[in-house]
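Dropping data-v9.csv in here (CSV, C-alpha atoms):
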```csv
chain,number,residue,atom,x,y,z
A,1,MET,CA,104.2,89.3,113.0
A,2,THR,CA,105.6,92.4,111.2
A,3,LEU,CA,108.1,92.2,108.3
A,4,THR,CA,110.0,95.3,107.2
A,5,SER,CA,111.2,96.2,103.7
A,6,GLU,CA,112.0,99.1,101.5
A,7,ALA,CA,109.5,99.2,98.8
A,8,ARG,CA,107.7,101.7,96.6
A,9,LEU,CA,105.5,99.5,94.3
A,10,VAL,CA,103.5,96.6,95.7
A,11,GLY,CA,101.6,94.1,93.5
A,12,LEU,CA,98.3,93.2,95.1
A,13,ILE,CA,96.8,89.8,94.2
A,14,SER,CA,94.1,87.5,95.7
A,15,ASP,CA,92.0,84.5,95.0
A,16,THR,CA,94.3,82.7,92.5
A,17,HIS,CA,92.7,79.4,93.4
A,18,GLY,CA,95.6,77.5,91.9
A,19,LYS,CA,95.8,79.5,88.6
A,20,LEU,CA,98.4,82.1,88.0
A,21,ARG,CA,97.7,84.0,84.7
A,22,PRO,CA,100.7,84.8,82.6
A,23,GLN,CA,99.7,88.5,82.5
A,24,VAL,CA,100.6,88.8,86.2
A,25,PHE,CA,104.3,88.5,85.3
A,26,SER,CA,104.2,91.5,83.0
A,27,ILE,CA,101.8,93.6,85.2
A,28,PHE,CA,104.0,93.0,88.3
A,29,ASP,CA,107.3,93.6,86.4
A,30,GLY,CA,109.2,96.1,88.5
A,31,VAL,CA,107.2,95.8,91.8
A,32,ASP,CA,109.3,95.7,94.9
A,33,ALA,CA,107.0,93.3,96.8
A,34,ILE,CA,103.8,91.3,96.3
A,35,VAL,CA,100.9,90.9,98.7
A,36,HIS,CA,98.6,87.9,98.2
A,37,ALA,CA,95.3,88.1,100.1
A,38,GLY,CA,94.5,84.4,100.2
A,39,ASP,CA,92.7,81.6,98.5
A,40,ILE,CA,96.1,80.8,96.9
A,41,GLY,CA,95.3,77.3,95.9
A,42,ASP,CA,98.8,75.8,95.6
A,43,THR,CA,102.2,76.6,97.1
A,44,ASP,CA,103.6,76.7,93.5
A,45,ILE,CA,101.7,80.0,93.0
A,46,LEU,CA,103.8,81.6,95.8
A,47,ASP,CA,107.0,80.1,94.4
A,48,ALA,CA,106.2,81.6,90.9
A,49,LEU,CA,105.3,85.0,92.4
A,50,ARG,CA,108.7,85.0,94.3
A,51,THR,CA,110.5,85.0,91.0
A,52,ILE,CA,109.1,88.5,90.6
A,53,ALA,CA,109.5,89.9,94.1
A,54,PRO,CA,109.3,89.0,97.8
A,55,VAL,CA,105.8,87.7,98.7
A,56,HIS,CA,103.8,88.3,101.8
A,57,ALA,CA,100.7,86.0,101.8
A,58,VAL,CA,97.8,84.9,104.0
A,59,HIS,CA,95.6,81.9,103.6
A,60,GLY,CA,92.0,82.0,102.6
A,61,ASN,CA,89.0,79.9,103.5
A,62,THR,CA,89.6,77.4,100.6
A,63,ASP,CA,93.3,76.9,101.2
A,64,ASP,CA,94.5,73.5,102.5
A,65,PHE,CA,97.0,72.7,105.2
A,66,ASP,CA,100.0,73.0,102.8
A,67,ILE,CA,99.1,76.7,102.3
A,68,ARG,CA,98.1,77.3,105.9
A,69,ALA,CA,101.6,76.0,107.0
A,70,VAL,CA,103.3,78.8,105.1
A,71,ALA,CA,100.7,81.6,105.1
A,72,PRO,CA,99.0,82.8,108.3
A,73,GLU,CA,95.4,84.0,108.7
A,74,SER,CA,96.6,87.6,108.8
A,75,VAL,CA,99.9,89.5,108.5
A,76,ALA,CA,101.0,93.0,109.2
A,77,VAL,CA,103.7,94.1,106.8
A,78,GLU,CA,105.8,97.3,106.9
A,79,LEU,CA,106.8,98.2,103.3
A,80,GLY,CA,108.2,101.6,102.3
A,81,GLY,CA,107.4,103.1,105.7
A,82,ARG,CA,103.7,102.1,105.4
A,83,ARG,CA,101.9,99.6,107.6
A,84,ILE,CA,99.9,97.1,105.5
A,85,MET,CA,97.4,94.7,107.1
A,86,VAL,CA,96.6,91.7,104.9
A,87,VAL,CA,93.7,89.4,105.6
A,88,HIS,CA,91.6,87.2,103.3
A,89,GLY,CA,88.4,88.5,104.8
A,90,HIS,CA,86.4,85.4,105.5
A,91,MET,CA,87.0,85.8,109.3
A,92,VAL,CA,86.3,89.5,109.5
A,93,GLY,CA,82.6,89.4,109.1
A,94,ALA,CA,80.9,91.9,106.9
A,95,LEU,CA,83.5,93.1,104.4
A,96,ASN,CA,83.0,96.8,104.2
A,97,PRO,CA,85.5,99.7,104.7
A,98,ARG,CA,84.0,100.8,108.0
A,99,ASN,CA,84.2,97.3,109.6
A,100,LEU,CA,87.7,96.7,108.3
A,101,ARG,CA,88.9,100.1,109.5
A,102,ALA,CA,87.4,99.5,112.9
A,103,LYS,CA,89.2,96.1,113.2
A,104,PHE,CA,92.5,97.3,111.9
A,105,PRO,CA,92.8,101.1,112.7
A,106,ALA,CA,96.6,101.2,113.3
A,107,CYS,CA,97.7,100.7,109.7
A,108,ASP,CA,97.9,102.7,106.5
A,109,VAL,CA,96.5,100.1,104.1
A,110,ILE,CA,94.2,97.1,104.5
A,111,VAL,CA,94.3,94.5,101.7
A,112,TYR,CA,91.7,91.8,101.6
A,113,GLY,CA,90.2,89.3,99.1
A,114,HIS,CA,87.5,86.7,99.4
A,115,THR,CA,84.7,88.6,97.5
A,116,HIS,CA,86.4,88.4,94.1
A,117,VAL,CA,85.1,92.0,93.5
A,118,PRO,CA,87.8,94.6,92.9
A,119,PHE,CA,87.4,97.5,95.4
A,120,ILE,CA,89.3,100.6,96.4
A,121,ASP,CA,88.2,103.0,99.1
A,122,ASP,CA,90.5,105.9,99.5
A,123,THR,CA,88.0,108.2,101.2
A,124,ALA,CA,89.6,107.6,104.7
A,125,VAL,CA,92.6,106.1,106.4
A,126,PRO,CA,93.4,103.3,106.3
A,127,LEU,CA,93.1,102.9,102.5
A,128,VAL,CA,91.1,99.7,101.9
A,129,VAL,CA,91.8,97.6,98.8
A,130,ASN,CA,90.5,94.3,97.3
A,131,PRO,CA,92.5,93.6,94.1
A,132,GLY,CA,89.7,91.2,92.9
A,133,ALA,CA,90.3,87.6,91.9
A,134,ALA,CA,93.3,86.8,89.7
A,135,GLY,CA,92.5,83.1,89.2
A,136,PRO,CA,89.7,81.4,87.3
A,137,ALA,CA,86.9,83.7,86.1
A,138,ARG,CA,83.9,83.4,88.4
A,139,PHE,CA,80.7,85.2,89.2
A,140,ASN,CA,80.8,87.0,85.8
A,141,LEU,CA,83.7,89.1,87.0
A,142,LYS,CA,86.9,89.8,85.0
A,143,PRO,CA,90.0,88.6,86.7
A,144,SER,CA,92.2,91.4,88.1
A,145,VAL,CA,95.2,92.5,90.2
A,146,ALA,CA,96.3,95.9,91.3
A,147,ILE,CA,99.5,97.9,92.0
A,148,LEU,CA,99.8,100.1,95.1
A,149,ASP,CA,102.2,103.0,94.9
A,150,LEU,CA,103.3,103.6,98.5
A,151,THR,CA,104.7,107.0,97.7
A,152,THR,CA,101.4,108.4,96.5
A,153,MET,CA,99.1,105.9,98.1
A,154,LYS,CA,97.4,105.4,94.8
A,155,VAL,CA,96.1,102.0,93.6
A,156,THR,CA,96.0,101.2,89.9
A,157,PRO,CA,93.7,98.3,89.0
A,158,HIS,CA,94.7,95.9,86.3
A,159,PRO,CA,91.8,93.8,84.8
A,160,MET,CA,93.0,90.7,82.9
A,161,ASP,CA,91.5,88.5,80.1
```
Can you dump the structure from the file as structure tokens?
Amino acid sequence: MTLTSEARLVGLISDTHGKLRPQVFSIFDGVDAIVHAGDIGDTDILDALRTIAPVHAVHGNTDDFDIRAVAPESVAVELGGRRIMVVHGHMVGALNPRNLRAKFPACDVIVYGHTHVPFIDDTAVPLVVNPGAAGPARFNLKPSVAILDLTTMKVTPHPMD
């Protein structure tokens, strides 16, 4: 399934696990679209994000049937002329840029979650990004999101308290 939209700035979020931090609203202010890479936790999260911008989401390994009914396992989205592949990552196997690029070579950006570890690899195409986990703080990691500028293909990480 491919969705098309004009967009320049895309908010990247993952692993909310039912918690949407208030900082997300200010960080994502002005984005043209939002991509959620799974482990959403509650459909209310998607509803709240839609008050900011259109949302393209996939389900993660901890999401229940309510989320799985509205968020597929993967989605290919075309935004601002760029092809973005969104997966949670738990079904991909070893989550490293090489494996992700081999699995999804026909895109410009791969966004994934699952690990809770923020990660950006812009050393090759496709660009590979994990915005980190935006929900409850876990694994001694600071919650985070990111913004992707589709014009420059630069990702700006945004750690949160």
### Query
If we count all atoms listed in the file, what is near Asp42 of chain A at a cut-off of 12 Å, once residues fewer than 6 positions away on the same chain are taken out, given as a PyMOL selection string?
chain A and resi 15-20+48-49+59-60+62-71+135
### Task
Give as an NGL selection string each residue that has an atom at most 10 Å from (109.7, 99.7, 95.8) in the file, counting only C-alpha atoms.
:A and (5-10 or 30-33 or 53 or 79-80 or 148-151)
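For the pair atom CA of Ser144 of chain A and atom CA of Ile120 of chain A, the interatomic distance is 12.7 Å.
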### Task
Rank A:Ser26, A:Asn140, A:Ser74, A:Thr152 by their smallest atom-to-atom distance to Phe104 of chain A, using all atoms listed in the file, and report the top residue only.
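Nearest to Phe104 of chain A: A:Ser74.
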### Query
Expressed in Å to a single decimal, how great is the separation between atom CA of Gln23 of chain A and atom CA of Ile147 of chain A?
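Answer for the atom CA of Gln23 of chain A to atom CA of Ile147 of chain A separation: 13.4 Å.
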### Task
Pick out the closest residue to Val87 of chain A from this set: A:Pro22, A:Gly38, A:Pro143, A:Gly11. Count all atoms listed in the file.
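Once distances to Val87 of chain A are computed over all atoms listed in the file, the minimum belongs to A:Gly38.
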### Task
Have a look at atom CA of Thr43 of chain A and atom CA of His88 of chain A and let me know their distance in Å, one decimal.
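About the pair atom CA of Thr43 of chain A and atom CA of His88 of chain A: they are 16.2 Å apart.
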### Query
Of the residues A:Arg101, A:His158, A:His90, A:Arg82, which is the one nearest to Val125 of chain A, using all atoms listed in the file?
A:Arg101
### Message
Please determine, counting only C-alpha atoms, which residue among A:Gly132, A:Gly81, A:Pro157, A:Gly89 has the shortest atom-to-atom distance to Cys107 of chain A.
### Response
A:Gly81
### Nearest-residue call for Pro126 of chain A, choices A:Arg138, A:Pro72, A:Met85, A:Met91, using all atoms listed in the file
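Residue with the minimum atom-to-atom distance to Pro126 of chain A: A:Met85.
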